[in-house]
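Just below is one structure, and these are the notes that go with it.
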Amino acid sequence: MNLTVFGATGGIGREIVRQALGAGHRVTAVVRDPARLDVTGDTLEVFRADLADPEELRAAVSGRDAVLSGLGARSRKDAGVATRLTRTVLHAMEAEGVRRLLVVSAGPVGPAAEGDGTLDRAMRGLVSAALKDVYTDLRAMEAELARSATDWTSVRPPRLQNKPLTGRYRTVVGGFPRQGRFIARADVAHAMLAMIDDEATVKQGVGVAY
């Protein structure tokens, strides 16, 4: 497949690029600073852009089979960037008629897992309160997706870890895995790539966790 990856220098974005190249896909990595991308490959194109202008991004998404985004706030002070940058990506995709889009959101943005106990509910509440502005941003981003013409999927992980790829995780379309507390960034990337052709995930939020 011919893929475009936004947020390619972030933890999940870099893993998407690395794994996609390893699977034989052609990848366009959209970055602000090419020097921060430490992934190389014969089928990798690095596209430099500041993400402010959807017209500038049209060339990065034109003719692609899918677009994957790891864009989002790295801290509470960055809250708002997910909605703003995703809106720019959506405009570029719609202008080029590219439909498939997968983005990273967060577990607390969607419904709680069925059957979760008191501890998991309490942890969810504490995290949601501590990162209220970030999750407000992600909810606004998902609202932008829902209004768009794209075939979107919002992937909602819990707490992220910098650990190796396992390929062993659970996904719930429209919900969240019970007692799903952690997942490696590498496995989130793996799940996103696996969902590209999964019609059951189109226009859905998908919880993913160990």
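Residues are named by chain letter and number: chains run A, B, ... in the order of the structure tokens, numbers start at 1 in each chain, and ligands are numbered from 1 in the order shown.
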
If you count only C-alpha atoms, which residues fall within 10 Å of range 54-68 of chain A, apart from same-chain ones fewer than 5 positions away, as a PyMOL selection string?
chain A and resi 1-8+13+16-17+26-30+45-49+85+87-104+151-153+189+192-193+196-197

Identify, on the basis of only C-alpha atoms, every residue whose closest approach to Thr86 in chain A does not exceed 9 Å; exclude the query and any residue fewer than 5 positions from it along the same chain; express the result as a PDB file with N, CA, C and O atoms, in the first residue's frame.
ATOM      1  N   SER A  69      -2.301   8.917  11.443  1.00  0.00           N
ATOM      2  CA  SER A  69      -1.851  10.085  12.190  1.00  0.00           C
ATOM      3  C   SER A  69      -1.570   9.768  13.643  1.00  0.00           C
ATOM      4  O   SER A  69      -2.414   9.203  14.346  1.00  0.00           O
ATOM      5  N   LEU A  71      -0.643  12.450  15.460  1.00  0.00           N
ATOM      6  CA  LEU A  71      -0.644  13.821  15.950  1.00  0.00           C
ATOM      7  C   LEU A  71      -1.415  13.940  17.254  1.00  0.00           C
ATOM      8  O   LEU A  71      -2.458  13.318  17.440  1.00  0.00           O
ATOM      9  N   GLY A  72      -0.905  14.768  18.162  1.00  0.00           N
ATOM     10  CA  GLY A  72      -1.606  14.997  19.415  1.00  0.00           C
ATOM     11  C   GLY A  72      -0.743  15.757  20.387  1.00  0.00           C
ATOM     12  O   GLY A  72       0.457  15.981  20.151  1.00  0.00           O
ATOM     13  N   VAL A  81      -3.865  21.026  19.923  1.00  0.00           N
ATOM     14  CA  VAL A  81      -3.153  20.749  18.681  1.00  0.00           C
ATOM     15  C   VAL A  81      -3.778  19.588  17.911  1.00  0.00           C
ATOM     16  O   VAL A  81      -3.743  19.573  16.671  1.00  0.00           O
ATOM     17  N   HIS A  91      -8.911  18.512   5.657  1.00  0.00           N
ATOM     18  CA  HIS A  91      -9.157  19.388   4.510  1.00  0.00           C
ATOM     19  C   HIS A  91      -8.322  18.962   3.310  1.00  0.00           C
ATOM     20  O   HIS A  91      -8.804  18.957   2.168  1.00  0.00           O
ATOM     21  N   VAL A 103      -6.445   7.586  13.240  1.00  0.00           N
ATOM     22  CA  VAL A 103      -5.794   8.531  14.140  1.00  0.00           C
ATOM     23  C   VAL A 103      -5.670   7.921  15.534  1.00  0.00           C
ATOM     24  O   VAL A 103      -6.386   6.979  15.887  1.00  0.00           O
ATOM     25  N   MET A 141     -11.439  16.628  18.379  1.00  0.00           N
ATOM     26  CA  MET A 141     -10.855  16.012  17.187  1.00  0.00           C
ATOM     27  C   MET A 141     -11.775  14.931  16.633  1.00  0.00           C
ATOM     28  O   MET A 141     -12.016  14.859  15.414  1.00  0.00           O
ATOM     29  N   GLU A 144     -14.605  16.360  14.792  1.00  0.00           N
ATOM     30  CA  GLU A 144     -14.194  16.761  13.440  1.00  0.00           C
ATOM     31  C   GLU A 144     -14.194  15.551  12.500  1.00  0.00           C
ATOM     32  O   GLU A 144     -14.623  15.642  11.351  1.00  0.00           O
ATOM     33  N   LEU A 145     -13.698  14.434  12.984  1.00  0.00           N
ATOM     34  CA  LEU A 145     -13.705  13.219  12.168  1.00  0.00           C
ATOM     35  C   LEU A 145     -15.130  12.837  11.784  1.00  0.00           C
ATOM     36  O   LEU A 145     -15.410  12.505  10.627  1.00  0.00           O
TER      37      LEU A 145
END

Nearest to Lys132 in chain A by atom-to-atom distance, counting only C-alpha atoms, from A:Ile12, A:Gly80, A:Gly180, A:Pro158:
A:Gly80

If you run DSSP over the backbone, which residues in range 4-209 of chain A end up helix (DSSP H, G or I)? Put them as a PyMOL selection string.
chain A and resi 11-22+34-36+54-61+76-78+81-96+107-109+118-130+132-147+185-195+199-201

Please extract the residues of range 8-206 of chain A with a backbone DSSP assignment of strand (DSSP E or B) and present them as number ranges by chain.
A: 26-31, 44-48, 66-69, 100-104, 151-156, 159-161, 170-173, 182-184, 204-206

Which residues are close to range 164-175 of chain A, i.e. within 8 Å by only C-alpha atoms, leaving aside same-chain residues fewer than 6 positions away? Reply as a ChimeraX atom specification.
/A:110-113,183-184,186-187,190,200-201,204-210

What does the file look like for those residues with all heavy atoms, as a compact mmCIF listing (two decimals), in the first residue's frame?
# COMPACT_ATOMS: atom_id res chain seq x y z
N GLY A 110 -13.51 7.48 24.95
CA GLY A 110 -14.63 6.62 24.61
C GLY A 110 -15.31 6.05 25.84
O GLY A 110 -15.01 6.44 26.98
N PRO A 111 -16.23 5.11 25.64
CA PRO A 111 -16.95 4.51 26.77
C PRO A 111 -16.04 3.63 27.61
O PRO A 111 -15.07 3.06 27.11
CB PRO A 111 -18.05 3.69 26.09
CG PRO A 111 -17.50 3.39 24.73
CD PRO A 111 -16.69 4.58 24.34
N ALA A 112 -16.37 3.52 28.88
CA ALA A 112 -15.62 2.64 29.78
C ALA A 112 -15.88 1.19 29.41
O ALA A 112 -16.91 0.84 28.82
CB ALA A 112 -16.02 2.90 31.22
N ALA A 113 -14.94 0.33 29.76
CA ALA A 113 -15.10 -1.09 29.50
C ALA A 113 -16.24 -1.67 30.33
O ALA A 113 -16.41 -1.31 31.50
CB ALA A 113 -13.80 -1.82 29.82
N ILE A 183 -0.41 -0.31 27.18
CA ILE A 183 -0.07 -0.87 25.88
C ILE A 183 1.19 -0.16 25.37
O ILE A 183 1.41 1.02 25.66
CB ILE A 183 -1.22 -0.73 24.85
CG1 ILE A 183 -0.91 -1.57 23.59
CG2 ILE A 183 -1.45 0.73 24.49
CD1 ILE A 183 -2.09 -1.71 22.65
N ALA A 184 2.03 -0.89 24.65
CA ALA A 184 3.23 -0.29 24.08
C ALA A 184 2.87 0.53 22.85
O ALA A 184 1.95 0.19 22.10
CB ALA A 184 4.23 -1.37 23.69
N ALA A 186 4.50 0.64 20.22
CA ALA A 186 4.72 -0.22 19.06
C ALA A 186 3.49 -1.07 18.75
O ALA A 186 3.17 -1.31 17.57
CB ALA A 186 5.93 -1.13 19.31
N ASP A 187 2.77 -1.51 19.77
CA ASP A 187 1.57 -2.29 19.53
C ASP A 187 0.40 -1.44 19.07
O ASP A 187 -0.46 -1.92 18.32
CB ASP A 187 1.20 -3.08 20.79
CG ASP A 187 2.00 -4.37 20.91
OD1 ASP A 187 2.15 -5.06 19.89
OD2 ASP A 187 2.48 -4.68 22.02
N HIS A 190 1.04 -1.16 15.45
CA HIS A 190 0.70 -2.44 14.83
C HIS A 190 -0.80 -2.56 14.63
O HIS A 190 -1.28 -2.99 13.56
CB HIS A 190 1.23 -3.57 15.71
CG HIS A 190 1.08 -4.93 15.12
ND1 HIS A 190 -0.06 -5.69 15.27
CD2 HIS A 190 1.94 -5.68 14.37
CE1 HIS A 190 0.09 -6.85 14.65
NE2 HIS A 190 1.29 -6.87 14.09
N ALA A 200 -14.92 -3.20 9.67
CA ALA A 200 -15.67 -3.10 10.93
C ALA A 200 -15.22 -1.91 11.76
O ALA A 200 -15.95 -1.47 12.67
CB ALA A 200 -15.51 -4.38 11.74
N THR A 201 -14.03 -1.37 11.48
CA THR A 201 -13.52 -0.24 12.27
C THR A 201 -13.81 1.11 11.62
O THR A 201 -13.49 2.14 12.21
CB THR A 201 -11.99 -0.37 12.46
OG1 THR A 201 -11.33 -0.20 11.19
CG2 THR A 201 -11.63 -1.73 13.05
N GLN A 204 -15.54 4.39 13.44
CA GLN A 204 -15.68 3.86 14.79
C GLN A 204 -14.49 4.27 15.65
O GLN A 204 -13.38 4.44 15.16
CB GLN A 204 -15.73 2.32 14.76
CG GLN A 204 -16.94 1.73 14.06
CD GLN A 204 -18.20 1.82 14.89
OE1 GLN A 204 -18.14 1.99 16.12
NE2 GLN A 204 -19.33 1.69 14.25
N GLY A 205 -14.74 4.37 16.95
CA GLY A 205 -13.66 4.40 17.92
C GLY A 205 -13.33 2.99 18.32
O GLY A 205 -14.25 2.16 18.52
N VAL A 206 -12.05 2.68 18.45
CA VAL A 206 -11.65 1.30 18.77
C VAL A 206 -10.71 1.34 19.97
O VAL A 206 -9.62 1.92 19.91
CB VAL A 206 -10.94 0.62 17.59
CG1 VAL A 206 -10.58 -0.81 17.95
CG2 VAL A 206 -11.83 0.65 16.34
N GLY A 207 -11.12 0.73 21.07
CA GLY A 207 -10.25 0.61 22.24
C GLY A 207 -9.22 -0.48 22.00
O GLY A 207 -9.54 -1.54 21.46
N VAL A 208 -7.99 -0.20 22.40
CA VAL A 208 -6.92 -1.18 22.21
C VAL A 208 -6.05 -1.19 23.47
O VAL A 208 -5.67 -0.14 23.98
CB VAL A 208 -6.08 -0.87 20.95
CG1 VAL A 208 -5.54 0.55 20.98
CG2 VAL A 208 -4.94 -1.86 20.78
N ALA A 209 -5.78 -2.38 24.01
CA ALA A 209 -5.02 -2.49 25.25
C ALA A 209 -4.58 -3.94 25.44
O ALA A 209 -5.07 -4.86 24.77
CB ALA A 209 -5.86 -2.05 26.44
N TYR A 210 -3.66 -4.16 26.38
CA TYR A 210 -3.28 -5.52 26.75
C TYR A 210 -4.37 -6.16 27.59
O TYR A 210 -5.19 -5.48 28.19
CB TYR A 210 -1.96 -5.52 27.52
CG TYR A 210 -0.77 -5.08 26.70
CD1 TYR A 210 0.22 -4.29 27.26
CD2 TYR A 210 -0.64 -5.47 25.36
CE1 TYR A 210 1.32 -3.90 26.51
CE2 TYR A 210 0.44 -5.07 24.61
CZ TYR A 210 1.43 -4.28 25.17
OH TYR A 210 2.51 -3.88 24.44

re CA of Arg159 in chain A and CA of Arg181 in chain A: distance 6.2 Å

Expressed in Å to a single decimal, how great is the separation between CA of Ala52 in chain A and CA of Ala140 in chain A?
18.0 Å

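For the pair CA of Val109 in chain A and CA of Gln19 in chain A, the interatomic distance is 26.3 Å.
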
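Of the residues listed (A:Val134, A:Ala146, A:Ala20, A:Val202), A:Ala20 shows the shortest atom-to-atom separation from Thr40 in chain A; distances use only C-alpha atoms.
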